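K.L.:
The structure follows.
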2 protein chains.
Amino acid sequence: MAVTIYDIAREAKVGIGTVSRVLNNSANVTRQTRDRVLTVAAKLNYQPHAFAQALARKRSSTLNAIIPFFSNYFFIQVLQGVQETLIAHGFDLIIHGANTQEQAEEYLLHSTRKGRVDGTMLFSLGLPDHVAQEYVKKDIPLILVDTFHPMFDSIRVDNIEGAKRATKHLISLGHTSIGMINAKEKSVPARERLMSFKETLQSSGIVIFDEIIVNSTLDKDDGFSRESGYEAVQELFRRNIKMPSAFFVSSDIQAIGVIAALQEHNFSVPDDVAIVSFDDIELAKYFELTTMRQPMFAMGELAVKKMLERIEKPSAPVSSINFTPDLIIRSSCGAKKI
Amino acid sequence: MAVTIYDIAREAKVGIGTVSRVLNNSANVTRQTRDRVLTVAAKLNYQPHAFAQALARKRSSTLNAIIPFFSNYFFIQVLQGVQETLIAHGFDLIIHGANTQEQAEEYLLHSTRKGRVDGTMLFSLGLPDHVAQEYVKKDIPLILVDTFHPMFDSIRVDNIEGAKRATKHLISLGHTSIGMINAKEKSVPARERLMSFKETLQSSGIVIFDEIIVNSTLDKDDGFSRESGYEAVQELFRRNIKMPSAFFVSSDIQAIGVIAALQEHNFSVPDDVAIVSFDDIELAKYFELTTMRQPMFAMGELAVKKMLERIEKPSAPVSSINFTPDLIIRSSCGAKKI
DNA sequence: CTGAAAGCGCTAACAT
DNA sequence: ATGTTAGCGCTTTCAG
């Protein structure tokens, strides 16, 4: 059996209450007893039992992360931010990879057995109202990242502004025939980026041709996948229309597929077709992608910070923070030659 | 306050013992009471308190994963296997990303507070003897993946055989001047691959030139990084020697860097230099890398299965499973033209 | 300042 | 078959 505070108490000839006080360095303990207890604890190589602590304290120092598509680079990088910040605060992280919205709801509802975790962070997945109610009712801290609900703190990326900047960049480069390769329209970011793309073209007086816009038909990762980008280009060729001179692509990973497909058809990037995408995942630089950088690590970091704040002050007003993506210029847009 | 079994007991007019029995569907409960309890539980939307359960049961249904370099694709893919298998068994996963061997030891020693997790899985990091002792003493299940210690179950990849096959493939393609771009030599897989590479050349009667072998000098990810591959090629050019006609590269991610660097010097792959690497991460196919496939998902899956077995039968004999990497032929070796 | 005791929510052994 | 009770290891009153 592991060593408990009873063992320490006996050995140090004090009550368990005192041991507990020392271990939690709460006030009112003589230096003497304090030292004695600490010495014994060290000697016995005492490790507190996390569950017992959690049960008694009614807090567990562990957080829940519900994240879609474990395989997606965007999330991996956000998770890194989460992870490193958490470590610094002595929290543990339980990760739930949800492959569907339903699974996410399942986790949201069940894995968050009150007491099990001090709070949960939801990434890029919708928060249905009935689930939201549940969290409000049970008063469980919930932080939303890359998704939104008026009742909870959220950290988001300004897709509207991001898509606008991407599109403007292409326009500034002289392109007038600009297409878009998008993820699945049911995804919120995908929808926002598409909308902003169109608006920007419009307000710049550029004609929008629907046939050079393609929304993903692939389900995997909501269309934020290499295959999705590749397939979109094939679709474009099937449509048998004139290729635009530039594309705004809704994610880097898709852009990689787009480039591959284009090359198969002997179109080179950026010479024949310029590309600006979104995310700036680690791979982006390997492919020389001009892209809208999302501060993924920082978002993960901030999510944790917000969570800790929320745990501190459960009744603080709900906050919503927006990151604006930055344009990172590499070669894929043709603005800079390799 | 959340609803407890006391609430259910009261409402269903039974004792808490009965409630517990029903909830754990243990035997000896009338259908009648059983149904009544279940109905009440559902009505009250009862959720068991995981910590209280864990405390009473002395098992927590959560596993610990200690993994290096959260950012490494190899591990991401292994984790996917772990994650999906875990879900199926109702276990939770606490992930610790260790950036150094020291940090890993720290986690190994402290995060595994007995009772907190039912077992821990250690990936690709060394298990020092004093830590091993600790685990044996406390009798905590420990599964080793891509690392080894005689006292614990391990799941490994046969680097020797893998490197041999890779090298033989290159030889079979007619190359006689073959170099190797390796990760940091302090990494066990890196060392094994290098050794096997040399042995294979030797036993094939091919002269080994040390100047076309380079071990990474970069620390990040033990040299299993794109930068490391890139830098290695630069080093080779600095050495001002004749480029070999082929390279065995110790990981896909390095190979990507190698290709980029080679291109900068106007060497094309596979026409001027053929490449075979190791891992078969998702990216490998995008870069058309011929590589030694490590069954990452399967390894994660197996790790969990082994863990569950070990938890079942703590005294079963220690097992050690070896996966042999498969040669996946794409274009980078020149055996197959695009 | 410190010991004793109650309780966190649940399981499991013990009665009945 | 079911109610009662004793912990699981710790924190936190409450006395003193």
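Simple scheme: letters A, B, ... for chains in structure tokens order, numbers from 1 for residues in each chain, numbers from 1 for ligands in the order shown.
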If you superpose chain B onto chain A over the full set of Cα atoms in sequence order, what number do you get for the RMSD in Å?
P.N.:
0.1 Å
K.L.:
With only C-alpha atoms (C1' of nucleotides) considered, list every residue of chain C at most 10 Å from chain A, as a ChimeraX atom specification.
P.N.:
/C:1-4,7-9
K.L.:
When you look at Pro317 in chain B with a cut-off of 10 Å (counting only C-alpha atoms (C1' of nucleotides)), what residues show up, excluding the ones that are within fewer than 2 positions of it in the same chain? I need them as a list in words.
P.N.:
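My list of contacting residues is Met151, Phe152, Asp153, Arg310, Lys313, Pro314, Ser315, Ser319 and Ser320 of chain B.
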K.L.:
For the atom pair CA of His110 in chain B and CA of Phe297 in chain B, what is the interatomic distance in Å to one decimal place?
P.N.:
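That distance, rounded to one decimal, is 27.8 Å.
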K.L.:
Could you pull out the alpha helix (DSSP H) residues of range 138-305 of chain A, going by DSSP on the backbone, and write them as a PyMOL selection string?
P.N.:
chain A and resi 138+159-172+188-203+226-239+252-264+282-286+296-305
K.L.:
Taking only C-alpha atoms (C1' of nucleotides) into account, which residues of chain D are within 9 Å of chain B, as number ranges by chain?
P.N.:
D: 1-4, 7-9
K.L.:
Could you please take those selected residues and save N, CA and C atoms (P, O5', C5', C4', C3', O3' and C1' of nucleotides) as a short mmCIF file (atom, residue, chain, number, x, y, z; two decimals), in the first residue's frame?
P.N.:
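Result written to out09.cif:
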data_model
loop_
_atom_site.label_atom_id
_atom_site.label_comp_id
_atom_site.auth_asym_id
_atom_site.auth_seq_id
_atom_site.Cartn_x
_atom_site.Cartn_y
_atom_site.Cartn_z
P DA D 1 -31.60 -13.24 -5.14
"O5'" DA D 1 -32.08 -11.72 -5.08
"C5'" DA D 1 -33.44 -11.42 -5.25
"C4'" DA D 1 -33.86 -10.50 -4.13
"C3'" DA D 1 -33.41 -9.05 -4.35
"O3'" DA D 1 -34.47 -8.21 -3.90
"C1'" DA D 1 -32.47 -9.88 -2.32
P DT D 2 -34.46 -6.66 -4.18
"O5'" DT D 2 -33.74 -6.12 -2.88
"C5'" DT D 2 -34.53 -5.87 -1.72
"C4'" DT D 2 -33.64 -5.50 -0.58
"C3'" DT D 2 -32.95 -4.12 -0.70
"O3'" DT D 2 -33.35 -3.38 0.42
"C1'" DT D 2 -31.50 -5.75 0.17
P DG D 3 -33.39 -1.81 0.33
"O5'" DG D 3 -32.86 -1.43 1.78
"C5'" DG D 3 -33.48 -2.03 2.90
"C4'" DG D 3 -32.49 -2.12 4.04
"C3'" DG D 3 -31.77 -0.79 4.33
"O3'" DG D 3 -31.82 -0.57 5.74
"C1'" DG D 3 -30.19 -2.55 4.05
P DT D 4 -31.15 0.68 6.41
"O5'" DT D 4 -29.73 0.07 6.77
"C5'" DT D 4 -29.66 -1.07 7.65
"C4'" DT D 4 -28.24 -1.24 8.14
"C3'" DT D 4 -27.54 0.06 8.52
"O3'" DT D 4 -26.88 -0.17 9.76
"C1'" DT D 4 -26.22 -1.12 6.94
P DG D 7 -13.21 -0.06 9.16
"O5'" DG D 7 -13.38 1.49 8.78
"C5'" DG D 7 -12.37 2.14 8.04
"C4'" DG D 7 -12.22 1.54 6.64
"C3'" DG D 7 -11.31 2.37 5.78
"O3'" DG D 7 -10.45 1.55 5.03
"C1'" DG D 7 -13.49 2.29 4.80
P DC D 8 -9.00 1.99 4.76
"O5'" DC D 8 -9.08 2.65 3.32
"C5'" DC D 8 -9.23 1.87 2.15
"C4'" DC D 8 -9.34 2.83 0.98
"C3'" DC D 8 -8.50 4.10 1.21
"O3'" DC D 8 -7.30 3.99 0.46
"C1'" DC D 8 -10.74 4.60 0.39
P DG D 9 -5.90 4.19 1.19
"O5'" DG D 9 -5.72 5.78 1.18
"C5'" DG D 9 -5.57 6.45 -0.06
"C4'" DG D 9 -5.75 7.93 0.16
"C3'" DG D 9 -4.82 8.53 1.22
"O3'" DG D 9 -4.17 9.64 0.63
"C1'" DG D 9 -7.08 9.16 1.61
#
K.L.:
Near range 189-198 of chain A, within 7 Å and counting only C-alpha atoms (C1' of nucleotides), which residues show up once chain neighbours fewer than 6 positions away are dropped, as an mmCIF file with C-alpha atoms, in the first residue's frame?
P.N.:
data_model
loop_
_atom_site.group_PDB
_atom_site.id
_atom_site.type_symbol
_atom_site.label_atom_id
_atom_site.label_comp_id
_atom_site.auth_asym_id
_atom_site.auth_seq_id
_atom_site.Cartn_x
_atom_site.Cartn_y
_atom_site.Cartn_z
ATOM 1 C CA ASN A 159 -12.222 34.489 -40.363
ATOM 2 C CA ILE A 160 -13.954 37.397 -41.997
ATOM 3 C CA ALA A 163 -10.295 35.902 -45.705
ATOM 4 C CA LYS A 164 -10.564 39.535 -46.596
ATOM 5 C CA THR A 167 -8.318 38.000 -51.006
ATOM 6 C CA ASN A 182 -13.267 25.699 -49.700
ATOM 7 C CA ALA A 183 -13.833 23.059 -47.055
ATOM 8 C CA ILE A 208 -17.675 36.421 -58.892
ATOM 9 C CA SER A 250 -9.480 27.582 -46.973
#
